[in-house]
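Enquirer: Pasting structure_7.cif below, which is mmCIF, C-alpha atoms and all ligand atoms; chains and numbers go by the auth columns.
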```cif
data_run
loop_
_atom_site.group_PDB
_atom_site.id
_atom_site.type_symbol
_atom_site.label_atom_id
_atom_site.label_comp_id
_atom_site.label_asym_id
_atom_site.label_seq_id
_atom_site.Cartn_x
_atom_site.Cartn_y
_atom_site.Cartn_z
_atom_site.B_iso_or_equiv
_atom_site.auth_seq_id
_atom_site.auth_asym_id
ATOM 1 C CA MET A 1 -56.862 -189.549 -101.560 0.00 96 B
ATOM 2 C CA THR A 2 -54.413 -189.365 -104.429 0.00 97 B
ATOM 3 C CA LEU A 3 -54.427 -186.422 -106.825 0.00 98 B
ATOM 4 C CA ASP A 4 -55.616 -188.796 -109.576 0.00 99 B
ATOM 5 C CA GLU A 5 -58.633 -189.782 -107.455 0.00 100 B
ATOM 6 C CA LEU A 6 -59.380 -186.142 -106.639 0.00 101 B
ATOM 7 C CA ASN A 7 -59.086 -185.120 -110.288 0.00 102 B
ATOM 8 C CA ALA A 8 -61.482 -187.892 -111.336 0.00 103 B
ATOM 9 C CA SER A 9 -64.037 -186.608 -108.840 0.00 104 B
ATOM 10 C CA LEU A 10 -63.592 -182.823 -109.018 0.00 105 B
ATOM 11 C CA VAL A 11 -62.282 -181.767 -112.424 0.00 106 B
ATOM 12 C CA ARG A 12 -63.672 -182.270 -115.924 0.00 107 B
ATOM 13 C CA PRO A 13 -62.168 -181.152 -119.228 0.00 108 B
ATOM 14 C CA PRO A 14 -61.305 -178.514 -120.337 0.00 109 B
ATOM 15 C CA PHE A 15 -60.285 -177.506 -116.822 0.00 110 B
ATOM 16 C CA PRO A 16 -56.693 -178.244 -115.825 0.00 111 B
ATOM 17 C CA LYS A 17 -56.023 -181.048 -113.401 0.00 112 B
ATOM 18 C CA LEU A 18 -55.160 -180.166 -109.817 0.00 113 B
ATOM 19 C CA SER A 19 -51.441 -179.468 -109.526 0.00 114 B
ATOM 20 C CA GLY A 20 -51.326 -180.096 -105.782 0.00 115 B
ATOM 21 C CA ASN A 21 -50.452 -176.476 -104.972 0.00 116 B
ATOM 22 C CA ILE A 22 -53.082 -175.077 -102.597 0.00 117 B
ATOM 23 C CA TYR A 23 -52.855 -171.425 -101.559 0.00 118 B
ATOM 24 C CA CYS A 24 -55.241 -169.939 -99.015 0.00 119 B
ATOM 25 C CA ILE A 25 -55.983 -166.285 -98.289 0.00 120 B
ATOM 26 C CA GLY A 26 -56.834 -165.296 -94.715 0.00 121 B
ATOM 27 C CA ARG A 27 -58.617 -162.169 -93.458 0.00 122 B
ATOM 28 C CA ASN A 28 -60.101 -161.260 -96.842 0.00 123 B
ATOM 29 C CA TYR A 29 -63.595 -160.163 -95.732 0.00 124 B
ATOM 30 C CA VAL A 30 -63.853 -157.231 -93.311 0.00 125 B
ATOM 31 C CA ASP A 31 -66.761 -158.675 -91.296 0.00 126 B
ATOM 32 C CA HIS A 32 -64.813 -161.910 -90.719 0.00 127 B
ATOM 33 C CA VAL A 33 -61.612 -160.054 -89.787 0.00 128 B
ATOM 34 C CA LYS A 34 -63.611 -158.236 -87.102 0.00 129 B
ATOM 35 C CA GLU A 35 -65.321 -161.353 -85.713 0.00 130 B
ATOM 36 C CA LEU A 36 -61.912 -162.930 -85.017 0.00 131 B
ATOM 37 C CA GLN A 37 -60.589 -159.611 -83.675 0.00 132 B
ATOM 38 C CA ASN A 38 -57.799 -159.444 -86.231 0.00 133 B
ATOM 39 C CA GLU A 39 -56.546 -156.378 -88.091 0.00 134 B
ATOM 40 C CA ILE A 40 -57.457 -155.684 -91.708 0.00 135 B
ATOM 41 C CA PRO A 41 -54.282 -156.622 -93.597 0.00 136 B
ATOM 42 C CA GLU A 42 -52.407 -154.240 -95.879 0.00 137 B
ATOM 43 C CA GLU A 43 -51.474 -157.110 -98.154 0.00 138 B
ATOM 44 C CA PRO A 44 -52.963 -160.607 -98.522 0.00 139 B
ATOM 45 C CA VAL A 45 -52.356 -163.085 -95.682 0.00 140 B
ATOM 46 C CA VAL A 46 -51.267 -166.315 -97.369 0.00 141 B
ATOM 47 C CA PHE A 47 -50.978 -169.831 -96.002 0.00 142 B
ATOM 48 C CA LEU A 48 -50.870 -173.324 -97.524 0.00 143 B
ATOM 49 C CA LYS A 49 -52.679 -176.616 -97.254 0.00 144 B
ATOM 50 C CA SER A 50 -51.126 -179.887 -98.355 0.00 145 B
ATOM 51 C CA PRO A 51 -52.736 -181.872 -101.193 0.00 146 B
ATOM 52 C CA ALA A 52 -53.299 -184.653 -98.631 0.00 147 B
ATOM 53 C CA SER A 53 -55.866 -182.392 -96.951 0.00 148 B
ATOM 54 C CA LEU A 54 -58.244 -182.269 -99.972 0.00 149 B
ATOM 55 C CA ARG A 55 -61.516 -184.212 -100.051 0.00 150 B
ATOM 56 C CA PRO A 56 -64.633 -183.955 -102.242 0.00 151 B
ATOM 57 C CA LEU A 57 -67.495 -182.318 -100.324 0.00 152 B
ATOM 58 C CA HIS A 58 -69.889 -185.175 -100.841 0.00 153 B
ATOM 59 C CA SER A 59 -67.593 -187.879 -99.495 0.00 154 B
ATOM 60 C CA ASP A 60 -67.350 -189.001 -95.910 0.00 155 B
ATOM 61 C CA ALA A 61 -64.824 -186.237 -95.805 0.00 156 B
ATOM 62 C CA LEU A 62 -63.449 -185.866 -92.353 0.00 157 B
ATOM 63 C CA ALA A 63 -60.737 -188.362 -91.528 0.00 158 B
ATOM 64 C CA CYS A 64 -59.581 -186.580 -88.390 0.00 159 B
ATOM 65 C CA ALA A 65 -62.703 -186.367 -86.259 0.00 160 B
ATOM 66 C CA THR A 66 -61.964 -186.255 -82.587 0.00 161 B
ATOM 67 C CA GLU A 67 -62.696 -182.556 -82.043 0.00 162 B
ATOM 68 C CA SER A 68 -64.883 -179.667 -83.076 0.00 163 B
ATOM 69 C CA PHE A 69 -63.823 -177.532 -86.023 0.00 164 B
ATOM 70 C CA HIS A 70 -64.773 -174.184 -87.529 0.00 165 B
ATOM 71 C CA HIS A 71 -66.230 -174.057 -91.040 0.00 166 B
ATOM 72 C CA GLU A 72 -65.059 -171.410 -93.499 0.00 167 B
ATOM 73 C CA ILE A 73 -66.993 -171.380 -96.788 0.00 168 B
ATOM 74 C CA GLU A 74 -64.878 -169.902 -99.581 0.00 169 B
ATOM 75 C CA LEU A 75 -64.729 -169.317 -103.317 0.00 170 B
ATOM 76 C CA VAL A 76 -61.859 -171.429 -104.683 0.00 171 B
ATOM 77 C CA ILE A 77 -60.310 -170.427 -108.002 0.00 172 B
ATOM 78 C CA MET A 78 -58.097 -172.539 -110.265 0.00 173 B
ATOM 79 C CA VAL A 79 -55.229 -171.199 -112.390 0.00 174 B
ATOM 80 C CA LYS A 80 -55.653 -171.917 -116.111 0.00 175 B
ATOM 81 C CA HIS A 81 -52.084 -171.908 -117.423 0.00 176 B
ATOM 82 C CA HIS A 82 -48.496 -171.315 -116.444 0.00 177 B
ATOM 83 C CA ILE A 83 -47.868 -167.692 -115.447 0.00 178 B
ATOM 84 C CA LYS A 84 -44.304 -166.619 -114.797 0.00 179 B
ATOM 85 C CA MET A 85 -43.325 -164.334 -111.943 0.00 180 B
ATOM 86 C CA SER A 86 -42.366 -161.643 -114.443 0.00 181 B
ATOM 87 C CA GLU A 87 -45.894 -161.617 -115.909 0.00 182 B
ATOM 88 C CA LYS A 88 -49.105 -159.950 -114.785 0.00 183 B
ATOM 89 C CA ALA A 89 -52.349 -161.873 -114.399 0.00 184 B
ATOM 90 C CA ASP A 90 -55.910 -160.737 -114.975 0.00 185 B
ATOM 91 C CA ILE A 91 -59.064 -162.736 -114.400 0.00 186 B
ATOM 92 C CA SER A 92 -58.639 -164.490 -117.757 0.00 187 B
ATOM 93 C CA ALA A 93 -55.971 -166.494 -115.875 0.00 188 B
ATOM 94 C CA ILE A 94 -58.750 -168.195 -113.887 0.00 189 B
ATOM 95 C CA GLY A 95 -59.621 -171.528 -115.484 0.00 190 B
ATOM 96 C CA ALA A 96 -62.398 -172.640 -113.149 0.00 191 B
ATOM 97 C CA ILE A 97 -64.027 -171.899 -109.804 0.00 192 B
ATOM 98 C CA THR A 98 -65.873 -173.765 -107.085 0.00 193 B
ATOM 99 C CA LEU A 99 -66.940 -173.616 -103.461 0.00 194 B
ATOM 100 C CA GLY A 100 -64.755 -175.096 -100.774 0.00 195 B
ATOM 101 C CA ILE A 101 -64.699 -175.318 -97.009 0.00 196 B
ATOM 102 C CA ASP A 102 -61.473 -174.340 -95.275 0.00 197 B
ATOM 103 C CA LEU A 103 -61.934 -176.523 -92.215 0.00 198 B
ATOM 104 C CA THR A 104 -60.024 -175.095 -89.278 0.00 199 B
ATOM 105 C CA ARG A 105 -58.962 -176.386 -85.871 0.00 200 B
ATOM 106 C CA ARG A 106 -59.612 -172.961 -84.324 0.00 201 B
ATOM 107 C CA THR A 107 -58.546 -173.765 -80.764 0.00 202 B
ATOM 108 C CA LEU A 108 -55.233 -175.132 -81.979 0.00 203 B
ATOM 109 C CA GLN A 109 -54.801 -172.200 -84.381 0.00 204 B
ATOM 110 C CA ASN A 110 -55.303 -169.713 -81.532 0.00 205 B
ATOM 111 C CA GLU A 111 -52.779 -171.595 -79.368 0.00 206 B
ATOM 112 C CA LEU A 112 -50.209 -171.647 -82.170 0.00 207 B
ATOM 113 C CA LYS A 113 -50.801 -167.954 -82.983 0.00 208 B
ATOM 114 C CA ALA A 114 -50.303 -167.044 -79.319 0.00 209 B
ATOM 115 C CA LYS A 115 -46.959 -168.852 -79.351 0.00 210 B
ATOM 116 C CA GLY A 116 -45.916 -167.273 -82.658 0.00 211 B
ATOM 117 C CA LEU A 117 -45.736 -170.723 -84.276 0.00 212 B
ATOM 118 C CA PRO A 118 -46.909 -171.767 -87.774 0.00 213 B
ATOM 119 C CA TRP A 119 -50.631 -172.621 -88.124 0.00 214 B
ATOM 120 C CA THR A 120 -50.014 -175.548 -90.441 0.00 215 B
ATOM 121 C CA LEU A 121 -51.596 -178.313 -88.379 0.00 216 B
ATOM 122 C CA ALA A 122 -54.677 -176.145 -87.727 0.00 217 B
ATOM 123 C CA LYS A 123 -55.251 -175.848 -91.478 0.00 218 B
ATOM 124 C CA SER A 124 -53.771 -178.955 -93.089 0.00 219 B
ATOM 125 C CA PHE A 125 -55.049 -182.396 -92.089 0.00 220 B
ATOM 126 C CA ALA A 126 -57.112 -185.066 -93.839 0.00 221 B
ATOM 127 C CA GLY A 127 -60.399 -183.377 -94.772 0.00 222 B
ATOM 128 C CA ALA A 128 -59.254 -179.807 -94.067 0.00 223 B
ATOM 129 C CA GLY A 129 -59.806 -178.777 -97.680 0.00 224 B
ATOM 130 C CA LEU A 130 -63.301 -179.731 -98.834 0.00 225 B
ATOM 131 C CA LEU A 131 -64.142 -179.032 -102.476 0.00 226 B
ATOM 132 C CA HIS A 132 -67.201 -179.131 -104.720 0.00 227 B
ATOM 133 C CA SER A 133 -66.442 -180.054 -108.333 0.00 228 B
ATOM 134 C CA PHE A 134 -65.067 -177.181 -110.411 0.00 229 B
ATOM 135 C CA GLN A 135 -67.347 -175.002 -112.534 0.00 230 B
ATOM 136 C CA THR A 136 -66.901 -172.497 -115.359 0.00 231 B
ATOM 137 C CA PHE A 137 -65.642 -169.137 -114.084 0.00 232 B
ATOM 138 C CA PRO A 138 -68.274 -166.431 -114.757 0.00 233 B
ATOM 139 C CA LYS A 139 -65.772 -163.801 -115.857 0.00 234 B
ATOM 140 C CA ASP A 140 -68.350 -161.110 -116.671 0.00 235 B
ATOM 141 C CA ALA A 141 -70.242 -161.337 -113.351 0.00 236 B
ATOM 142 C CA PRO A 142 -69.742 -158.307 -111.082 0.00 237 B
ATOM 143 C CA ASP A 143 -70.439 -160.408 -107.985 0.00 238 B
ATOM 144 C CA ILE A 144 -70.667 -164.060 -106.932 0.00 239 B
ATOM 145 C CA GLU A 145 -72.950 -164.812 -103.989 0.00 240 B
ATOM 146 C CA PHE A 146 -72.457 -167.994 -101.968 0.00 241 B
ATOM 147 C CA SER A 147 -73.678 -169.499 -98.706 0.00 242 B
ATOM 148 C CA LEU A 148 -73.296 -172.323 -96.228 0.00 243 B
ATOM 149 C CA SER A 149 -75.997 -173.844 -94.026 0.00 244 B
ATOM 150 C CA VAL A 150 -75.332 -176.313 -91.214 0.00 245 B
ATOM 151 C CA ASN A 151 -78.078 -178.601 -89.850 0.00 246 B
ATOM 152 C CA GLY A 152 -80.646 -176.567 -91.795 0.00 247 B
ATOM 153 C CA GLU A 153 -79.561 -173.171 -90.468 0.00 248 B
ATOM 154 C CA GLU A 154 -77.756 -170.579 -92.599 0.00 249 B
ATOM 155 C CA ARG A 155 -74.357 -169.836 -91.049 0.00 250 B
ATOM 156 C CA GLN A 156 -72.451 -167.869 -93.701 0.00 251 B
ATOM 157 C CA ARG A 157 -73.358 -165.791 -96.772 0.00 252 B
ATOM 158 C CA GLY A 158 -70.738 -163.997 -98.813 0.00 253 B
ATOM 159 C CA HIS A 159 -70.319 -161.843 -101.901 0.00 254 B
ATOM 160 C CA SER A 160 -67.110 -161.796 -103.918 0.00 255 B
ATOM 161 C CA LYS A 161 -67.446 -158.012 -104.308 0.00 256 B
ATOM 162 C CA ASP A 162 -66.785 -157.712 -100.544 0.00 257 B
ATOM 163 C CA MET A 163 -63.304 -159.248 -100.714 0.00 258 B
ATOM 164 C CA VAL A 164 -60.545 -156.973 -99.384 0.00 259 B
ATOM 165 C CA PHE A 165 -58.268 -158.305 -102.169 0.00 260 B
ATOM 166 C CA ASP A 166 -60.085 -159.339 -105.352 0.00 261 B
ATOM 167 C CA PHE A 167 -59.115 -162.306 -107.536 0.00 262 B
ATOM 168 C CA ARG A 168 -56.781 -160.265 -109.744 0.00 263 B
ATOM 169 C CA ARG A 169 -54.921 -158.745 -106.800 0.00 264 B
ATOM 170 C CA ILE A 170 -54.546 -162.157 -105.142 0.00 265 B
ATOM 171 C CA LEU A 171 -53.065 -163.680 -108.317 0.00 266 B
ATOM 172 C CA ASN A 172 -50.620 -160.816 -108.790 0.00 267 B
ATOM 173 C CA PHE A 173 -49.586 -160.862 -105.150 0.00 268 B
ATOM 174 C CA LEU A 174 -48.781 -164.589 -105.345 0.00 269 B
ATOM 175 C CA LEU A 175 -46.848 -163.944 -108.568 0.00 270 B
ATOM 176 C CA LYS A 176 -44.446 -161.707 -106.671 0.00 271 B
ATOM 177 C CA TYR A 177 -43.036 -164.825 -105.015 0.00 272 B
ATOM 178 C CA GLN A 178 -43.441 -167.772 -107.401 0.00 273 B
ATOM 179 C CA ASP A 179 -44.760 -168.851 -110.795 0.00 274 B
ATOM 180 C CA LEU A 180 -48.344 -170.062 -110.898 0.00 275 B
ATOM 181 C CA TYR A 181 -49.084 -173.353 -112.640 0.00 276 B
ATOM 182 C CA PRO A 182 -52.138 -174.883 -114.310 0.00 277 B
ATOM 183 C CA GLY A 183 -54.293 -176.511 -111.660 0.00 278 B
ATOM 184 C CA ASP A 184 -52.971 -174.441 -108.754 0.00 279 B
ATOM 185 C CA ILE A 185 -55.947 -173.583 -106.554 0.00 280 B
ATOM 186 C CA ILE A 186 -56.555 -170.651 -104.229 0.00 281 B
ATOM 187 C CA TYR A 187 -59.030 -170.522 -101.335 0.00 282 B
ATOM 188 C CA THR A 188 -59.921 -166.821 -101.379 0.00 283 B
ATOM 189 C CA GLY A 189 -61.116 -166.223 -97.818 0.00 284 B
ATOM 190 C CA THR A 190 -64.318 -166.514 -95.819 0.00 285 B
ATOM 191 C CA PRO A 191 -67.079 -164.091 -94.840 0.00 286 B
ATOM 192 C CA ALA A 192 -68.371 -163.728 -91.274 0.00 287 B
ATOM 193 C CA GLY A 193 -70.246 -166.466 -89.461 0.00 288 B
ATOM 194 C CA VAL A 194 -67.516 -169.036 -88.855 0.00 289 B
ATOM 195 C CA ALA A 195 -68.717 -171.381 -86.112 0.00 290 B
ATOM 196 C CA ALA A 196 -68.417 -174.859 -84.665 0.00 291 B
ATOM 197 C CA PHE A 197 -68.740 -177.767 -87.074 0.00 292 B
ATOM 198 C CA LYS A 198 -68.478 -181.382 -85.968 0.00 293 B
ATOM 199 C CA LYS A 199 -68.538 -184.934 -87.274 0.00 294 B
ATOM 200 C CA GLY A 200 -72.099 -185.865 -88.264 0.00 295 B
ATOM 201 C CA ASP A 201 -73.282 -182.288 -88.963 0.00 296 B
ATOM 202 C CA SER A 202 -75.188 -182.009 -92.227 0.00 297 B
ATOM 203 C CA PHE A 203 -74.458 -179.056 -94.452 0.00 298 B
ATOM 204 C CA GLN A 204 -75.433 -177.406 -97.721 0.00 299 B
ATOM 205 C CA VAL A 205 -73.345 -175.140 -99.938 0.00 300 B
ATOM 206 C CA VAL A 206 -75.071 -172.960 -102.531 0.00 301 B
ATOM 207 C CA SER A 207 -74.047 -170.523 -105.238 0.00 302 B
ATOM 208 C CA LYS A 208 -76.762 -169.938 -107.798 0.00 303 B
ATOM 209 C CA LEU A 209 -74.431 -168.175 -110.230 0.00 304 B
ATOM 210 C CA LEU A 210 -71.983 -171.111 -110.112 0.00 305 B
ATOM 211 C CA ASN A 211 -74.785 -173.710 -110.478 0.00 306 B
ATOM 212 C CA ILE A 212 -73.829 -175.232 -107.147 0.00 307 B
ATOM 213 C CA ASP A 213 -76.375 -176.575 -104.662 0.00 308 B
ATOM 214 C CA ALA A 214 -74.841 -179.512 -102.809 0.00 309 B
ATOM 215 C CA LYS A 215 -75.383 -181.292 -99.537 0.00 310 B
ATOM 216 C CA GLY A 216 -72.994 -183.287 -97.449 0.00 311 B
ATOM 217 C CA VAL A 217 -72.367 -184.698 -94.001 0.00 312 B
ATOM 218 C CA LEU A 218 -69.166 -183.916 -92.177 0.00 313 B
HETATM 219 MG MG MG B . -60.076 -169.557 -94.655 0.00 1 H
#
```
Spell out the structure here as structure tokens.
Expert:
Amino acid sequence: MTLDELNASLVRPPFPKLSGNIYCIGRNYVDHVKELQNEIPEEPVVFLKSPASLRPLHSDALACATESFHHEIELVIMVKHHIKMSEKADISAIGAITLGIDLTRRTLQNELKAKGLPWTLAKSFAGAGLLHSFQTFPKDAPDIEFSLSVNGEERQRGHSKDMVFDFRRILNFLLKYQDLYPGDIIYTGTPAGVAAFKKGDSFQVVSKLLNIDAKGVL
């Protein structure tokens, strides 16, 4: 899908339009770090998805469907305005938020990790970045709870207060290396419970605080 098509489906004024920059944070919830037998990072683990990987949650989202994937439900924040590298960001820099699924080819990722090669093709393919439409960021909320169910069974439940690196620290870490632009989005990591997810599975993503309760079929 083009960015114009994605913006028409996912973003309403006054939120910025998607810029096409998509940052993702790995290993940001301790229980998930442990389930994949990774080490808790000392600074955020950052990787990218291409804009060609984005799809609205409700669409027939998965274009690349010959294998089983892992689901990773995540809070996805959007940058409100241009922030230069020399500046500091606080949560007022967040223009909107939503739920997304960081769809992962886990077997391929493990093979690439073992070889010391980039994970890109395990994380960036058509349908790898599923997104609900963006919502107002609840800047005064101490915690945002969110969950994912697959085929009627709850698989993942997370709380933003459990993130190893909170929103502000993620923004300021990214700002060490580049400017941030309006409409840049950041997948902020997944809690425990990642598991197999395949074409035809039905799913539901919920966050009461964000007014999100949406169903889809992979
Ligand atoms: Mg992830």
Enquirer: Which protein, DNA or RNA residues have an atom within 7 Å of ligand MG 1 (chain H), counting all atoms listed in the file, as a short mmCIF file (atom, residue, chain, number, x, y, z; two decimals) with C-alpha atoms, in the frame of the given file?
Expert:
```cif
data_model
loop_
_atom_site.label_atom_id
_atom_site.label_comp_id
_atom_site.auth_asym_id
_atom_site.auth_seq_id
_atom_site.Cartn_x
_atom_site.Cartn_y
_atom_site.Cartn_z
CA CYS B 119 -55.24 -169.94 -99.02
CA ILE B 120 -55.98 -166.28 -98.29
CA GLY B 121 -56.83 -165.30 -94.72
CA GLU B 167 -65.06 -171.41 -93.50
CA GLU B 169 -64.88 -169.90 -99.58
CA ASP B 197 -61.47 -174.34 -95.28
CA TYR B 282 -59.03 -170.52 -101.34
CA GLY B 284 -61.12 -166.22 -97.82
CA THR B 285 -64.32 -166.51 -95.82
#
```
Enquirer: Hey, which of B:Lys271, B:Lys144, B:Arg263, B:His153 ends up closest to Gly224 of chain B? Count all atoms listed in the file.
Expert: B:Lys144
Enquirer: Quote the spacing between atom CA of Val128 of chain B and atom CA of Met258 of chain B in Å to one decimal place.
Expert: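 Straight-line distance from atom CA of Val128 of chain B to atom CA of Met258 of chain B works out to 11.1 Å.
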Enquirer: Quick one: everything within 12 Å of Pro139 of chain B, counting all atoms listed in the file, minus sequence neighbours fewer than 3 positions away in the same chain. Send it as a count of residues only.
Expert: 27
Enquirer: Measuring atom to atom with only C-alpha atoms, identify which of B:Glu130, B:Glu240, B:Glu100, B:Glu249 is nearest to Leu305 of chain B.
Expert: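 Among the listed residues, the smallest separation from Leu305 of chain B belongs to B:Glu240.
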Enquirer: Taking only C-alpha atoms into account, name the residue in B:Ser255, B:Thr215, B:Ser297, B:Asn306 that is nearest to Val125 of chain B.
Expert: B:Ser255
Enquirer: Counting only C-alpha atoms, find the residues whose atoms lie at most 9 Å from (-54.8, -180.6, -99.8) (file coordinates) and write them out as a PyMOL selection string.
Expert: chain B and resi 115-117+143-150+219-225
Enquirer: Applied to this file, what does the PyMOL selection byres (((chain B and resi 303) around 12) and not hetatm) return in terms of residues, put as a list in words?
Expert: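 Checked against the file, the PyMOL selection byres (((chain B and resi 303) around 12) and not hetatm) matches Thr193, Leu194, Gln230, Pro233, Asp238, Ile239, Glu240, Phe241, Ser242, His254, Val300, Val301, Ser302, Leu304, Leu305, Asn306, Ile307, Asp308 and Ala309 of chain B.
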Enquirer: Next, write the just-selected residues to a file, as an mmCIF file, in the frame of the given file, keeping C-alpha atoms as the atom set.
Expert:
```
data_model
loop_
_atom_site.group_PDB
_atom_site.id
_atom_site.type_symbol
_atom_site.label_atom_id
_atom_site.label_comp_id
_atom_site.auth_asym_id
_atom_site.auth_seq_id
_atom_site.Cartn_x
_atom_site.Cartn_y
_atom_site.Cartn_z
ATOM 1 C CA THR B 193 -65.873 -173.765 -107.085
ATOM 2 C CA LEU B 194 -66.940 -173.616 -103.461
ATOM 3 C CA GLN B 230 -67.347 -175.002 -112.534
ATOM 4 C CA PRO B 233 -68.274 -166.431 -114.757
ATOM 5 C CA ASP B 238 -70.439 -160.408 -107.985
ATOM 6 C CA ILE B 239 -70.667 -164.060 -106.932
ATOM 7 C CA GLU B 240 -72.950 -164.812 -103.989
ATOM 8 C CA PHE B 241 -72.457 -167.994 -101.968
ATOM 9 C CA SER B 242 -73.678 -169.499 -98.706
ATOM 10 C CA HIS B 254 -70.319 -161.843 -101.901
ATOM 11 C CA VAL B 300 -73.345 -175.140 -99.938
ATOM 12 C CA VAL B 301 -75.071 -172.960 -102.531
ATOM 13 C CA SER B 302 -74.047 -170.523 -105.238
ATOM 14 C CA LEU B 304 -74.431 -168.175 -110.230
ATOM 15 C CA LEU B 305 -71.983 -171.111 -110.112
ATOM 16 C CA ASN B 306 -74.785 -173.710 -110.478
ATOM 17 C CA ILE B 307 -73.829 -175.232 -107.147
ATOM 18 C CA ASP B 308 -76.375 -176.575 -104.662
ATOM 19 C CA ALA B 309 -74.841 -179.512 -102.809
#
```
